[in-house]
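Dumped coords.cif below, it's mmCIF, C-alpha atoms:
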data_input
#
loop_
_atom_site.label_atom_id
_atom_site.label_comp_id
_atom_site.auth_asym_id
_atom_site.auth_seq_id
_atom_site.Cartn_x
_atom_site.Cartn_y
_atom_site.Cartn_z
CA MET F 21 4.79 47.72 -3.69
CA THR F 22 7.62 48.21 -1.19
CA ASP F 23 11.34 48.08 -2.00
CA GLY F 24 12.46 44.48 -2.41
CA GLU F 25 8.93 43.16 -2.74
CA PRO F 26 8.70 40.64 -5.63
CA GLU F 27 6.66 41.90 -8.56
CA ARG F 28 4.61 38.70 -8.63
CA LEU F 29 3.06 39.34 -5.18
CA MET F 30 -0.67 39.96 -5.39
CA ARG F 31 -3.50 40.61 -3.00
CA LEU F 32 -4.88 37.42 -1.55
CA GLN F 33 -8.45 38.10 -2.69
CA LYS F 34 -7.19 38.57 -6.26
CA ALA F 35 -5.27 35.30 -6.10
CA LEU F 36 -8.40 33.53 -4.88
CA ALA F 37 -10.49 35.07 -7.65
CA GLN F 38 -7.96 34.04 -10.30
CA SER F 39 -8.07 30.46 -8.99
CA GLY F 40 -11.80 30.35 -9.73
CA VAL F 41 -12.85 29.83 -6.12
CA ALA F 42 -15.08 32.90 -5.97
CA SER F 43 -15.34 36.51 -7.06
CA ARG F 44 -12.95 38.98 -5.46
CA ARG F 45 -15.73 40.41 -3.27
CA THR F 46 -16.85 36.95 -2.12
CA SER F 47 -13.22 36.06 -1.45
CA GLU F 48 -12.97 39.11 0.83
CA THR F 49 -16.05 37.91 2.70
CA MET F 50 -14.47 34.46 3.16
CA MET F 51 -11.27 36.06 4.43
CA ALA F 52 -13.16 38.22 6.93
CA ALA F 53 -14.93 35.11 8.19
CA GLY F 54 -11.60 33.40 8.91
CA ARG F 55 -12.06 30.74 6.24
CA VAL F 56 -8.80 31.41 4.38
CA GLU F 57 -5.33 30.20 5.41
CA VAL F 58 -1.96 30.99 3.88
CA ASN F 59 0.96 28.77 4.82
CA GLY F 60 -0.93 27.46 7.84
CA ALA F 61 -2.07 30.81 9.25
CA VAL F 62 -5.55 32.34 9.01
CA VAL F 63 -5.47 35.60 7.05
CA THR F 64 -8.26 38.14 7.52
CA GLN F 65 -6.44 41.33 6.48
CA LEU F 66 -7.77 42.42 3.10
CA GLY F 67 -4.50 44.07 2.15
CA ALA F 68 -2.49 40.87 2.62
CA LYS F 69 -0.34 39.85 -0.34
CA VAL F 70 0.90 36.42 -1.35
CA ASP F 71 3.30 34.90 -3.82
CA PRO F 72 0.95 32.77 -5.95
CA GLU F 73 3.83 30.56 -7.09
CA THR F 74 4.83 29.43 -3.60
CA ALA F 75 1.99 30.16 -1.16
CA VAL F 76 -0.02 27.23 0.19
CA ILE F 77 -3.54 28.63 0.27
CA ARG F 78 -6.55 26.85 1.75
CA VAL F 79 -10.24 27.70 1.96
CA ASP F 80 -12.16 25.75 4.59
CA GLY F 81 -9.15 23.44 4.77
CA ALA F 82 -9.12 22.55 1.06
CA ARG F 83 -5.94 23.32 -0.91
CA ILE F 84 -6.43 25.99 -3.58
CA PRO F 85 -3.70 25.99 -6.24
CA VAL F 86 -3.29 29.49 -7.62
CA ALA F 87 -0.19 29.62 -9.82
CA GLN F 88 -0.86 28.54 -13.40
CA ALA F 89 2.76 28.38 -14.60
CA TYR F 90 2.41 24.65 -15.24
CA VAL F 91 0.06 22.44 -17.22
CA TYR F 92 -1.58 19.40 -15.63
CA LEU F 93 -3.56 17.13 -17.95
CA VAL F 94 -5.41 13.83 -17.68
CA GLY F 95 -5.57 11.70 -20.80
CA ASN F 96 -7.44 8.54 -21.74
CA LYS F 97 -4.79 6.50 -23.56
CA PRO F 98 -6.15 4.12 -26.18
CA ARG F 99 -5.04 0.52 -26.28
CA GLY F 100 -2.12 0.15 -28.71
CA MET F 101 -0.63 3.59 -28.02
CA VAL F 102 2.90 3.61 -26.60
CA SER F 103 3.58 5.51 -23.37
CA SER F 104 6.14 7.94 -24.73
CA MET F 105 6.01 11.38 -26.28
CA SER F 106 7.77 10.11 -29.42
CA ASP F 107 8.46 6.67 -30.85
CA GLU F 108 11.41 5.72 -33.04
CA GLN F 109 9.38 2.91 -34.61
CA GLY F 110 6.68 5.29 -35.77
CA ARG F 111 3.96 3.86 -33.56
CA ARG F 112 1.19 6.10 -32.27
CA ASP F 113 2.41 7.84 -29.12
CA LEU F 114 1.16 10.23 -26.44
CA SER F 115 2.00 13.31 -28.48
CA SER F 116 -1.11 12.62 -30.54
CA LEU F 117 -3.25 13.20 -27.42
CA VAL F 118 -2.06 16.77 -26.97
CA GLY F 119 -1.96 17.93 -30.58
CA ASP F 120 -0.04 21.14 -31.12
CA ARG F 121 0.12 22.38 -27.51
CA PRO F 122 3.20 24.60 -27.17
CA GLU F 123 4.40 23.20 -23.83
CA ARG F 124 7.07 20.52 -23.60
CA LEU F 125 4.96 17.88 -21.88
CA PHE F 126 5.96 14.54 -20.45
CA HIS F 127 3.99 11.67 -18.98
CA VAL F 128 3.75 10.66 -15.34
CA GLY F 129 4.53 6.96 -15.05
CA ARG F 130 3.66 4.53 -17.81
CA LEU F 131 0.93 2.28 -19.14
CA ASP F 132 1.70 -0.85 -21.15
CA THR F 133 1.02 -0.47 -24.85
CA ASP F 134 -1.84 -2.98 -24.60
CA THR F 135 -3.34 -1.22 -21.55
CA SER F 136 -5.74 1.69 -21.95
CA GLY F 137 -6.90 4.37 -19.57
CA LEU F 138 -5.78 7.20 -17.35
CA ILE F 139 -2.37 8.75 -17.86
CA MET F 140 -1.23 12.16 -16.67
CA LEU F 141 0.80 14.68 -18.68
CA THR F 142 2.53 17.77 -17.31
CA ASN F 143 5.43 20.17 -17.76
CA HIS F 144 6.07 20.29 -13.99
CA GLY F 145 9.07 18.04 -13.50
CA GLU F 146 9.14 17.81 -9.70
CA PHE F 147 5.40 17.14 -9.57
CA ALA F 148 5.78 14.31 -12.10
CA HIS F 149 8.76 12.83 -10.25
CA ARG F 150 6.96 12.79 -6.91
CA LEU F 151 3.69 11.52 -8.31
CA ALA F 152 5.45 8.55 -9.89
CA HIS F 153 7.68 7.81 -6.89
CA PRO F 154 6.60 4.76 -4.82
CA SER F 155 7.32 6.56 -1.54
CA PHE F 156 4.13 8.60 -2.00
CA GLU F 157 2.14 5.40 -2.59
CA LEU F 158 -0.71 6.87 -4.61
CA THR F 159 -3.20 4.09 -5.23
CA LYS F 160 -3.91 3.23 -8.86
CA THR F 161 -7.21 1.59 -9.80
CA TYR F 162 -7.67 -0.77 -12.74
CA VAL F 163 -10.60 -2.55 -14.35
CA ALA F 164 -9.63 -5.90 -15.87
CA HIS F 165 -11.56 -8.30 -18.09
CA VAL F 166 -10.21 -11.73 -17.15
CA GLU F 167 -10.58 -15.36 -18.07
CA GLY F 168 -12.70 -17.55 -15.80
CA ALA F 169 -15.40 -17.08 -13.19
CA VAL F 170 -13.77 -15.31 -10.24
CA SER F 171 -14.57 -16.83 -6.87
CA PRO F 172 -15.78 -14.52 -4.09
CA HIS F 173 -13.00 -16.00 -1.95
CA LEU F 174 -10.29 -14.59 -4.22
CA ARG F 175 -10.58 -11.15 -2.60
CA ARG F 176 -9.38 -12.43 0.77
CA ARG F 177 -6.47 -14.26 -0.85
CA LEU F 178 -5.36 -11.23 -2.83
CA LEU F 179 -5.64 -8.77 0.04
CA ALA F 180 -3.52 -11.09 2.18
CA GLY F 181 -0.74 -10.73 -0.39
CA ILE F 182 0.62 -12.76 -3.29
CA THR F 183 4.29 -13.54 -3.90
CA LEU F 184 5.50 -13.11 -7.49
CA GLU F 185 8.93 -13.89 -8.91
CA ASP F 186 10.18 -10.40 -8.06
CA GLY F 187 8.67 -10.25 -4.58
CA PRO F 188 5.36 -9.94 -2.74
CA VAL F 189 2.50 -7.68 -3.78
CA GLN F 190 -0.48 -6.71 -1.64
CA PRO F 191 -3.40 -4.96 -3.36
CA ASP F 192 -5.22 -2.13 -1.60
CA GLY F 193 -8.61 -3.28 -2.85
CA PHE F 194 -10.34 -5.85 -5.04
CA LYS F 195 -13.91 -6.52 -6.12
CA VAL F 196 -15.73 -8.57 -8.73
CA VAL F 197 -17.79 -6.31 -10.96
CA SER F 198 -19.49 -9.09 -12.97
CA THR F 199 -19.13 -12.71 -14.10
CA GLN F 200 -20.72 -14.14 -17.22
CA GLY F 201 -19.97 -16.84 -19.78
CA GLY F 202 -16.72 -18.00 -18.26
CA LYS F 203 -15.27 -14.49 -18.06
CA SER F 204 -15.25 -11.85 -15.33
CA ILE F 205 -14.71 -8.14 -14.87
CA VAL F 206 -12.82 -7.16 -11.74
CA GLU F 207 -11.59 -3.92 -10.19
CA LEU F 208 -8.16 -3.92 -8.57
CA ALA F 209 -6.46 -1.13 -6.63
CA LEU F 210 -2.78 -1.08 -5.70
CA HIS F 211 0.09 1.33 -5.28
CA GLU F 212 2.68 -0.95 -6.88
CA GLY F 213 4.36 0.28 -10.04
CA ARG F 214 6.31 -2.77 -11.13
CA ASN F 215 6.29 -3.83 -14.76
CA ARG F 216 2.98 -5.43 -15.83
CA ILE F 217 2.15 -6.00 -12.16
CA VAL F 218 -1.63 -6.25 -12.62
CA ARG F 219 -1.40 -8.78 -15.45
CA ARG F 220 1.18 -10.89 -13.62
CA LEU F 221 -0.80 -10.81 -10.39
CA LEU F 222 -4.06 -11.93 -11.95
CA THR F 223 -2.35 -14.60 -14.02
CA GLU F 224 -0.73 -15.92 -10.84
CA VAL F 225 -4.15 -16.48 -9.25
CA GLY F 226 -5.52 -18.23 -12.35
CA HIS F 227 -7.29 -15.38 -14.18
CA PRO F 228 -5.26 -14.15 -17.17
CA VAL F 229 -6.13 -10.64 -18.31
CA VAL F 230 -7.93 -10.22 -21.63
CA ARG F 231 -8.28 -6.43 -21.46
CA LEU F 232 -7.03 -3.89 -18.94
CA SER F 233 -7.71 -0.22 -18.26
CA ARG F 234 -6.52 2.15 -15.54
CA THR F 235 -9.44 4.18 -14.21
CA ALA F 236 -7.92 6.24 -11.39
CA ILE F 237 -4.70 7.54 -9.84
CA GLY F 238 -5.31 8.60 -6.26
CA PRO F 239 -8.24 11.04 -6.30
CA ILE F 240 -8.11 11.52 -10.09
CA ARG F 241 -10.72 9.48 -11.95
CA LEU F 242 -11.11 8.88 -15.65
CA GLY F 243 -14.88 9.27 -15.43
CA ASP F 244 -16.54 9.79 -18.80
CA LEU F 245 -13.44 11.14 -20.56
CA SER F 246 -13.53 9.67 -24.06
CA THR F 247 -10.72 7.49 -25.40
CA GLY F 248 -8.02 9.60 -27.02
CA ARG F 249 -9.09 12.82 -25.28
CA VAL F 250 -7.46 14.94 -22.57
CA ARG F 251 -8.72 17.41 -19.99
CA GLN F 252 -7.13 19.70 -17.43
CA LEU F 253 -7.14 18.81 -13.77
CA ASN F 254 -9.71 20.90 -11.94
CA THR F 255 -8.77 23.02 -8.95
CA GLY F 256 -9.91 20.44 -6.38
CA GLU F 257 -8.04 17.58 -8.06
CA LEU F 258 -4.83 19.55 -8.42
CA GLY F 259 -4.97 20.84 -4.86
CA THR F 260 -5.41 17.30 -3.51
CA LEU F 261 -2.50 15.98 -5.58
CA LEU F 262 -0.19 18.84 -4.59
CA ASP F 263 -0.90 18.02 -0.96
CA ALA F 264 -0.42 14.30 -1.58
CA VAL F 265 3.08 14.80 -3.00
CA GLY F 266 4.11 17.53 -0.58
CA LEU F 267 4.25 20.50 -2.95
#
What is this structure when it is put down as structure tokens?
Amino acid sequence: MTDGEPERLMRLQKALAQSGVASRRTSETMMAAGRVEVNGAVVTQLGAKVDPETAVIRVDGARIPVAQAYVYLVGNKPRGMVSSMSDEQGRRDLSSLVGDRPERLFHVGRLDTDTSGLIMLTNHGEFAHRLAHPSFELTKTYVAHVEGAVSPHLRRRLLAGITLEDGPVQPDGFKVVSTQGGKSIVELALHEGRNRIVRRLLTEVGHPVVRLSRTAIGPIRLGDLSTGRVRQLNTGELGTLLDAVGL
């Protein structure tokens, strides 16, 4: 290490290996083949060092987050749980999802108490701020059980935009999953974050929500994560989100 060189600098192949992309030797092969970029420049020199906390590293164009100073979790919030890390009224809150983890975690955005599904938890403040900010317009996907048989024509009406009491809203996507016995299941995608926007929107078009769950935020999907459980973002998910919010 040269004078003035930060102690946290490490060889690029070691940083790649620590990220879980490949072994150190395979990482060296990828570098030699010109498949690795650091801060926009292809790096083939095996002795190259990077700062894993700040370097933007890509392999075959895909962002590879290396620094593990922060925690990034996806949780499946049960219906009836409040979207806060503590509750003065003693109701079940998000702290029960993460048990006795030592980090001071906070949630990204909110879900209504009567809405279940995907919520993110992290100790990375700037990441959380950007992810929740409407300027980044990350699409959120919901599955709603609603009253009534939904007409196939409703999709065109919704995608054209609906005006609510606090202004217009235009979903990014809508589809009818199923209709049976006077009730329907629909999937709705939008980047709006206004209070109870999904419920108000569907009520406005004549289909009050019976049950609602958020299933995705941008590229992050709930998948088969059980209710009340959490998991860490994988490397691909985190890399995509870091790019999406400009970090």
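We find CA of Phe194 in chain F and CA of Leu178 in chain F to be spaced 7.7 Å apart.
This file, filtered with the PyMOL selection byres ((chain F and resi 106) around 12), gives the residues Met101, Val102, Ser103, Ser104, Met105, Asp107, Glu108, Gln109, Gly110, Arg111, Arg112, Asp113, Leu114, Ser115, Ser116, Leu117, Arg124, Leu125, Phe126 and His127 of chain F.
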Would you list the residues near (-2.2, -8.2, -16.2), meaning any protein, DNA or RNA residue with an atom at most 10 Å from that point in file coordinates, counting only C-alpha atoms, as a compact mmCIF listing (two decimals) with C-alpha atoms, in the frame of the given file?
# COMPACT_ATOMS: atom_id res chain seq x y z
CA ASP F 132 1.70 -0.85 -21.15
CA ASP F 134 -1.84 -2.98 -24.60
CA THR F 135 -3.34 -1.22 -21.55
CA TYR F 162 -7.67 -0.77 -12.74
CA ALA F 164 -9.63 -5.90 -15.87
CA HIS F 165 -11.56 -8.30 -18.09
CA VAL F 166 -10.21 -11.73 -17.15
CA ASN F 215 6.29 -3.83 -14.76
CA ARG F 216 2.98 -5.43 -15.83
CA ILE F 217 2.15 -6.00 -12.16
CA VAL F 218 -1.63 -6.25 -12.62
CA ARG F 219 -1.40 -8.78 -15.45
CA ARG F 220 1.18 -10.89 -13.62
CA LEU F 221 -0.80 -10.81 -10.39
CA LEU F 222 -4.06 -11.93 -11.95
CA THR F 223 -2.35 -14.60 -14.02
CA GLU F 224 -0.73 -15.92 -10.84
CA HIS F 227 -7.29 -15.38 -14.18
CA PRO F 228 -5.26 -14.15 -17.17
CA VAL F 229 -6.13 -10.64 -18.31
CA VAL F 230 -7.93 -10.22 -21.63
CA ARG F 231 -8.28 -6.43 -21.46
CA LEU F 232 -7.03 -3.89 -18.94
CA SER F 233 -7.71 -0.22 -18.26
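Note that the spacing between CA of Gly129 in chain F and CA of Lys195 in chain F amounts to 24.5 Å.
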Of the candidates F:Arg121, F:Arg214, F:Arg78, F:His173, which one gets nearest to Leu93 in chain F if we count all atoms listed in the file? F:Arg121
Go ahead and find all residues with at least one atom no further than 10 Å from (4.4, 4.0, -6.2) in the file's coordinates, using only C-alpha atoms; report them as a PyMOL selection string. chain F and resi 129+150-160+210-214
